[in-house]
Every structure is written in C-alpha cells, then in structure tokens.
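Worksheet: the structure to be examined is printed underneath.
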Amino acid sequence: MKVAVIGAGNSGLTATKCCLDEGLEPTCYERSDDIGGLWRFTPEVENGRASIYQSVVTNTSKEMMCYSDFPFPESFPNFLHNSKMLEYYRKYAENFGLLKYVQFKTVVRSVKKHPSYPSTGQWEVTIEKNGKQETNTFDAVMVCSGHHTEPYYPLDAFPGINKFQGQYLHSREYKTSEAFKGKRVVILGMGNSGADIAVELSRTAAQVFLSTRRGSWLMSRVFDQGYPWDICFDTRFQNWLRNTLPTSFIIWLTEKKMNEWFNHANYGLQPQDSAQFKEPLFNDELPSRITCGYVVVKPNVTEFTETSVKFDDGTTEDNIDAVIFATGYRFSFPFLDESIIKVEDNKTKLFRNIFPVNLEKPTLGVIGLVQPLGPIMCASEMQARWMTRVFKGLCTLPTPDYVMKDIEKKRKIAISRFGPRRETTLQVDYIEYLDELTTDIGCKPNILGLFVTDPILALTLLFGPCTPAQFRLTGPGKWSMARKQIMTTWDRILKPTKTRVVKKTEKGLLSVIFRLWGFCALVVLLAFLMYKN
C-alpha cells in the first residue's frame with residue numbers, strides 16, 4: 001500500500017515510521033525545508049506552518065513524551081528547550097531512516113477521492129513543488145498537519161480595537177521581547193503561551209497586564225519531591241482515583257493540591273468554574289513576577305480606545321503601547337472538501353479523533369488532532385500505529401451506528417470534564433485514550449497477568465508513571481528493551497539534576513519510611529471501601 005503522509009512534524013515523523021513498521025510505502029510531504037513542525041523555531045513567521053517564540057520549553061517531561069521505542073538521551077534535561085526537541089527529532093529520523101521518504105518544500109493543494117474510491121479506497125493527492133503541480137494516487141492518506149497553524153484572532157469581540165493606535169498582534173507572531181523594551185503591554189488570554197510571554201516581557205517591558213476571562217490553575221514543572229509534574233500525575237493508579245471517586249471530592253482535592261504552592265484567589269488566578277478541569281498552566285515564574293508587580297492580572301477586556309484598555313471590573317489602563325492576542329488556534333483542512341471533514345466552531349466528528357464518520361472506506365485519517373492531559377507525542381504515535389493496522393485490515397472499525405453513538409458519548413464526557421468551550425474541544429483523558437487504542441492494537445499491558453508472572457513490573461506499571469514504553473512490552477511492535485526502559489525511569493529522571501552527590505541522613509530515611517507507611521495505609525483503606533461497596 002502507498003500512503004501519503006501530510007506534514008513532517010511530531011505526528012508526520014512517527015506516522016512515516018509506523019508505515020514502515022507495517023510494511024507500507026509512505027511518501028511524506030512537508031511544505032517547509034526541514035522536519036520538526038511546531039518545534040522548529042524560525043526568526044520569521046512562515047505561512048502555513050506553526051510558529052513558536054525563541055524561549056519555548058516543553059511542558060511535559062522527556063520520559064513521558066518520547067516515542068515508545070526511542071528514548072531521549074539520558075543527558076538531556078527533564079524539560080526541553082525547543083532546540084533540544086528538534087535535535088531529538090533529527091536523531092529519531094536518522095535512526096529509523098525516515099528522511100528519504102520526506103519531500104521538502106512540497107505543498108499539498110488537494111486530497112480528493114479517486115474515481116475508483118468506492119471499490120479501492122484510493123485518493124488523488126495534488127501537490128505543488130517548485131511552482132509545478134502534479135497529482136499522484138495513494139491507497140491511504142494520513143493527515144498530520146497539526147492544529148497550531150491557523151491563529152484564532154477574534155478582533156470582532158473587542159470593541160474599539162480598530163481605533164487603537166498602538167501595536168497589536170497574535171502570539172504566533174511573537175518571537176522575542178526585544179521589540180517591547182520599555183513598553184506597557186496587555187496580553188489577552190492566559191494559556192501557556194500567554195503566561196510564558198507575560199513572564200518574558202516582564203523583564204524588559206515597563207509594565208505587563210495579563211488579562212484572563214476565566215482564570216486558571218497554575219502548576220510548576222517541579223512537582224512533589226522535585227520530580228516532574230507528569231511523572232506524578234499521569235499514573236494508572238492516580239487516573240483510576242480521578243475517574244472513580246466522587247466528582248465533588250476530586251474538585252476539593254484538586255483545589256487543595258493546586259493551592260499548596262500559593263493561594264490562586266489572592267493572585268487573581270482562581271478559575272471561574274473549578275468544577276470543569278481546564279488544562280492547567282505550567283509556569284514556574286509567574287507567581288514571582290506577579291508578587292513583585294512586574295505582571296498585573298486583569299479581568300476580561302471590554303473596550304479599546306486610541307491609547308487605553310478598559311476591563312470589565314470598571315478599571316482602565318492608559319498609555320498602552322502594545323496588545324498581544326494569546327487567544328489560541330483553530331484547526332482546518334484547506335486541502336480537503338467539507339464532504340470529507342467538516343469543521344464548525346472548532347469541532348468536527350472523527351471516530352477516536354482520527355477517522356471521518358462519513359467515509360465508505362477507512363483509508364484517510366487525522367493524526368495529532370487531540371490535546372491529552374499529558375504528552376502529545378505518545379498519543380500521535382499510538383494513533384499512527386492503530387491507523388496503519390486499520391489500513392491493512394488487521395484492526396477493523398465498528399458499525400456506523402456504533403461510531404456515532406461512541407462520538408456522542410465521548411462528547412458528553414468531555415463536556416462534563418472540561419466544559420463546552422472551543423478551547424477544550426480536543427481535550428481527552430491521556431491514559432484512557434491510549435488504553436482504548438492499544439487494546440485494539442493488542443499492545444496494552446496486561447497488569448493483572450503481570451502480577452502473577454512479574455509482580456515488580458506490575459506494581460511499577462500501576463503506581464509509576466505511564467511512560468510510552470509500556471506499550472512496547474507485548475503485541476505488535478514489541479521492543480526487547482521496554483522492561484528495562486520502564487524499570488530505570490527514575491534513574492534517568494535524576495541523572496540530569498543529581499549532579500552533586502549528597503549523603504542521605506537518618507532523618508531522610510525515616511521520612512521515606514513514614515511516607516511508605518502512609519501510602520500502604522491509603523491503599524488498604526481504598527481496598528476496604530471498594531470491598532464494602
């Protein structure tokens with residue numbers, strides 16, 4: 001089978017590799033002159049591709065966000081600057097020989113059903129390269145174009161913006177803080193980009209105002225005991241607790257945990273609706289910049305004048321020089337007809353966020369159109385592993401009736417957990433989503449069985465971080481080094497930080513013992529409650 005892969009970023013690279021693993025023939029089309037997608041920084045904004053600022057660092061740690069059979073180098077820090085991410089992608093592409101399948105400076109203009117599609121499922125892909133167009137036929141198509149290329153720029157929602165005499169731009173256009181030195185800047189939107197830019201500008205700008213409509217929980221990358229946050233958060237046991245215990249208790253527990261670092265209400269950051277779990281911000285410096293006065297948190301903007309900004313609490317900030325819209329992105333597929341994928345209000349109907357619901361043949365799908373509460377790389381890889389097996393007929397899709405019911409069911413669950421807002425439409429539960437895909441693939445670890453054959457590994461899978469190597473222990477694509485990779489996770493986490501050996505004290509050992517005792521008591525209590533119910 002010949003497969004067209006659109007994009008050579010995070011999703012496109014692993015899709016190409018998964019095609020090779022399944023004996024398919026990929027051709028990857030990349031509109032720029034290099035791999036890396038979102039994570040390749042360029043000083044200028046390039047049309048049609050994602051754009052990041054120079055200082056971007058990952059929000060997920062290297063042990064959680066690596067591809068399942070290709071770990072990051074041990075010497076890499078736990079959280080990575082974008083240059084380190086690009087270096088990793090280059091190593092991945094070189095190790096698996098992917099570059100020879102990539103055609104650079106090639107724009108996909110259209111993807112249409114081949115006249116024989118009803119019987120063959122084939123597609124006609126029209127590309128443009130060096131000013132010339134050509135059309136090729138493929139047995140399947142993997143759309144890996146990402147969802148950070150088209151900025152969401154709601155100027156109509158802000159009266160007076162057209163008469164504002166200062167500079168205004170989308171965060172996609174922001175690269176460094178140099179152009180804002182000594183200026184008074186308003187940032188609209190408090191996602192990760194907005195918070196990052198606010199902190200960075202606060203070192204050079206005269207004053208930074210960070211406007212948020214709903215607020216947000218703020219987390220540090222450095223979590224309990226100094227470990228990366230996702231190592232502690234994304235475990236099967238923790239995920240089971242979050243999805244099993246009463247919602248009111250989880251809300252209380254979440255608020256308590258989030259406010260351990262600092263009281264969010266005292267900093268103007270408390271979420272407006274804490275019952276719905278918006279993806280938290282990850283920023284280690286924002287509270288310090290707020291308490292020092294360099295960043296001032298403001299409510300939603302209601303109006304612009306020539307030189308000032310008005311907020312819905314009645315306050316006004318004068319002499320504003322620049323406004324940055326950190327309002328996120330919308331996704332679209334300009335090379336696809338709406339009869340294949342229709343996007344309305346940043347929503348579309350895809351089975352498992354992959355396959356369009358109205359295709360007679362499942363030979364076209366989307367990779368990476370999710371926002372898991374965890375790393376995107378492993379999610380994209382599992383999507384590609386499952387999709388290539390669907391192409392080969394090794395995994396089959398359910399009936400159309402089941403597909404529509406499943407989509408509606410997942411939509412209701414997502415709304416109850418994350419809310420109905422446009423910025424949450426792609427969010428999924430990380431572990432639940434991976435388990436659903438890997439069950440079909442046949443590579444989900446059998447933890448109950450492992451308690452009999454390998455109890456130490458079973459305990460590690462249950463209570464330790466849900467690292468991607470879990471999905472290489474068994475089934476198609478089994479990797480002989482998977483168990484070792486899992487069992488040495490903590491060593492690699494500590495290696496880049498524990499660069500000076502400190503002798504443990506007796507007090508430290510006693511603390512560890514008491515913590516273990518408390519953990520065992522919690523497990524016993526939970527087991528008793530489950531038995532009682």
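Chain labels follow the order of the structure tokens: the first chain is A, the next B, and so on; residue numbering restarts at 1 in every chain, and ligands are counted from 1 in their shown order.
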Exercise. If you count only C-alpha atoms, which residues fall within 9 Å of region 261-263 of chain A, apart from same-chain ones fewer than 2 positions away, as number ranges by chain?
Worked result: A: 218-220, 257-259, 265-267, 269-270, 287
Could the residues in this selection be saved with N, CA and C atoms as a short mmCIF file (atom, residue, chain, number, x, y, z; two decimals), in the first residue's frame?
data_model
loop_
_atom_site.label_atom_id
_atom_site.label_comp_id
_atom_site.auth_asym_id
_atom_site.auth_seq_id
_atom_site.Cartn_x
_atom_site.Cartn_y
_atom_site.Cartn_z
N LEU A 218 -2.48 27.12 38.13
CA LEU A 218 -1.09 27.27 37.72
C LEU A 218 -0.25 26.20 38.43
N MET A 219 0.52 25.45 37.65
CA MET A 219 1.37 24.40 38.21
C MET A 219 2.83 24.66 37.85
N SER A 220 3.69 24.18 38.72
CA SER A 220 5.12 24.23 38.44
C SER A 220 5.53 22.93 37.76
N LYS A 257 -4.74 20.75 46.27
CA LYS A 257 -3.41 20.49 45.73
C LYS A 257 -2.87 21.70 44.99
N MET A 258 -3.71 22.31 44.16
CA MET A 258 -3.26 23.46 43.39
C MET A 258 -2.88 24.64 44.27
N ASN A 259 -3.59 24.81 45.38
CA ASN A 259 -3.33 25.94 46.26
C ASN A 259 -2.23 25.69 47.28
N ALA A 265 -6.59 32.51 44.50
CA ALA A 265 -7.54 33.62 44.61
C ALA A 265 -6.81 34.91 44.96
N ASN A 266 -5.79 34.82 45.80
CA ASN A 266 -5.04 36.01 46.19
C ASN A 266 -4.22 36.59 45.05
N TYR A 267 -4.02 35.83 43.99
CA TYR A 267 -3.25 36.30 42.84
C TYR A 267 -4.13 36.57 41.62
N LEU A 269 -5.99 34.48 40.03
CA LEU A 269 -5.89 33.40 39.05
C LEU A 269 -6.92 32.29 39.25
N GLN A 270 -7.64 32.28 40.37
CA GLN A 270 -8.59 31.22 40.67
C GLN A 270 -9.56 31.01 39.50
N PRO A 287 4.01 33.43 39.46
CA PRO A 287 3.67 33.97 40.79
C PRO A 287 4.68 34.98 41.30
#
For this session: Assign secondary structure with DSSP using the backbone only, and return the residues of region 350-469 of chain A in strand (DSSP E or B) as a PyMOL selection string.
Result: chain A and resi 350-351+355-356+364-366+371-372+427-428+465
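Nearest residue to Val366 (chain A), choosing from A:Tyr89, A:Thr137, A:Lys181, A:Ile354 and counting only C-alpha atoms: A:Ile354.
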Contacts of Glu150 (chain A) within 12 Å, only C-alpha atoms, excl. fewer than 4 positions in-chain, as an mmCIF file with N, CA and C atoms, in the first residue's frame:
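Resulting contents of selection.cif:
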data_model
loop_
_atom_site.group_PDB
_atom_site.id
_atom_site.type_symbol
_atom_site.label_atom_id
_atom_site.label_comp_id
_atom_site.auth_asym_id
_atom_site.auth_seq_id
_atom_site.Cartn_x
_atom_site.Cartn_y
_atom_site.Cartn_z
ATOM 1 N N VAL A 45 7.861 34.383 10.850
ATOM 2 C CA VAL A 45 6.653 33.564 10.744
ATOM 3 C C VAL A 45 6.527 33.060 9.325
ATOM 4 N N GLU A 46 6.340 31.740 9.179
ATOM 5 C CA GLU A 46 6.195 31.140 7.855
ATOM 6 C C GLU A 46 4.737 30.771 7.625
ATOM 7 N N ASN A 47 4.214 31.156 6.484
ATOM 8 C CA ASN A 47 2.814 30.863 6.162
ATOM 9 C C ASN A 47 2.558 29.357 6.131
ATOM 10 N N GLY A 48 1.449 28.961 6.743
ATOM 11 C CA GLY A 48 1.027 27.579 6.650
ATOM 12 C C GLY A 48 1.669 26.624 7.619
ATOM 13 N N ARG A 49 2.546 27.122 8.507
ATOM 14 C CA ARG A 49 3.139 26.221 9.490
ATOM 15 C C ARG A 49 3.145 26.871 10.859
ATOM 16 N N ALA A 50 3.253 26.031 11.880
ATOM 17 C CA ALA A 50 3.248 26.514 13.256
ATOM 18 C C ALA A 50 4.452 27.408 13.513
ATOM 19 N N SER A 51 4.299 28.303 14.481
ATOM 20 C CA SER A 51 5.361 29.249 14.791
ATOM 21 C C SER A 51 5.484 29.385 16.303
ATOM 22 N N SER A 145 -1.043 17.520 9.706
ATOM 23 C CA SER A 145 -0.731 18.934 9.507
ATOM 24 C C SER A 145 -0.823 19.761 10.778
ATOM 25 N N GLY A 146 -1.248 19.151 11.898
ATOM 26 C CA GLY A 146 -1.277 19.854 13.173
ATOM 27 C C GLY A 146 -2.450 20.797 13.335
ATOM 28 N N HIS A 170 -0.971 38.711 17.092
ATOM 29 C CA HIS A 170 -1.272 37.402 17.691
ATOM 30 C C HIS A 170 0.015 36.826 18.262
ATOM 31 N N SER A 171 -0.103 36.007 19.293
ATOM 32 C CA SER A 171 1.080 35.420 19.925
ATOM 33 C C SER A 171 1.900 34.592 18.936
ATOM 34 N N ARG A 172 1.283 34.138 17.858
ATOM 35 C CA ARG A 172 2.013 33.399 16.835
ATOM 36 C C ARG A 172 3.117 34.251 16.209
ATOM 37 N N GLU A 173 2.918 35.571 16.197
ATOM 38 C CA GLU A 173 3.895 36.477 15.605
ATOM 39 C C GLU A 173 4.995 36.890 16.583
ATOM 40 N N THR A 327 -4.780 34.106 22.097
ATOM 41 C CA THR A 327 -6.143 33.570 22.066
ATOM 42 C C THR A 327 -6.247 32.196 21.416
ATOM 43 N N GLY A 328 -5.111 31.565 21.194
ATOM 44 C CA GLY A 328 -5.132 30.190 20.725
ATOM 45 C C GLY A 328 -5.253 30.050 19.223
ATOM 46 N N TYR A 329 -5.674 28.855 18.816
ATOM 47 C CA TYR A 329 -5.690 28.496 17.401
ATOM 48 C C TYR A 329 -6.994 27.807 17.036
ATOM 49 N N ARG A 330 -7.257 27.744 15.759
ATOM 50 C CA ARG A 330 -8.352 26.932 15.240
ATOM 51 C C ARG A 330 -7.755 25.987 14.203
ATOM 52 N N PHE A 331 -8.393 24.846 14.033
ATOM 53 C CA PHE A 331 -7.855 23.887 13.068
ATOM 54 C C PHE A 331 -8.729 23.849 11.822
ATOM 55 N N SER A 332 -8.098 23.530 10.713
ATOM 56 C CA SER A 332 -8.817 23.419 9.445
ATOM 57 C C SER A 332 -8.027 22.526 8.508
ATOM 58 N N PHE A 333 -8.677 22.093 7.451
ATOM 59 C CA PHE A 333 -8.047 21.227 6.458
ATOM 60 C C PHE A 333 -8.348 21.796 5.070
ATOM 61 N N PRO A 334 -7.632 22.837 4.662
ATOM 62 C CA PRO A 334 -7.953 23.525 3.408
ATOM 63 C C PRO A 334 -7.808 22.667 2.165
ATOM 64 N N ASN A 346 -14.655 25.054 15.527
ATOM 65 C CA ASN A 346 -13.519 24.291 16.054
ATOM 66 C C ASN A 346 -13.915 22.881 16.496
#
Exercise. Which residues in region 103-310 of chain A does DSSP call helix (DSSP H, G or I)? List them as a ChimeraX atom specification.
Worked result: /A:117-120,155-157,161-163,171-173,178-180,192-201,224-226,229-233,236-244,247-258,264-267,286-291
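Distances from A:Val222, A:Leu253, A:Val57, A:Val141 to Phe355 (chain A) were compared using only C-alpha atoms, and the smallest one belongs to A:Val141.
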Exercise. Skipping near chain neighbours, those fewer than 4 positions away, what residues fall within 10 Å of Leu169 (chain A) using only C-alpha atoms, listed as number ranges by chain?
Worked result: A: 153, 173-174, 187, 322-326
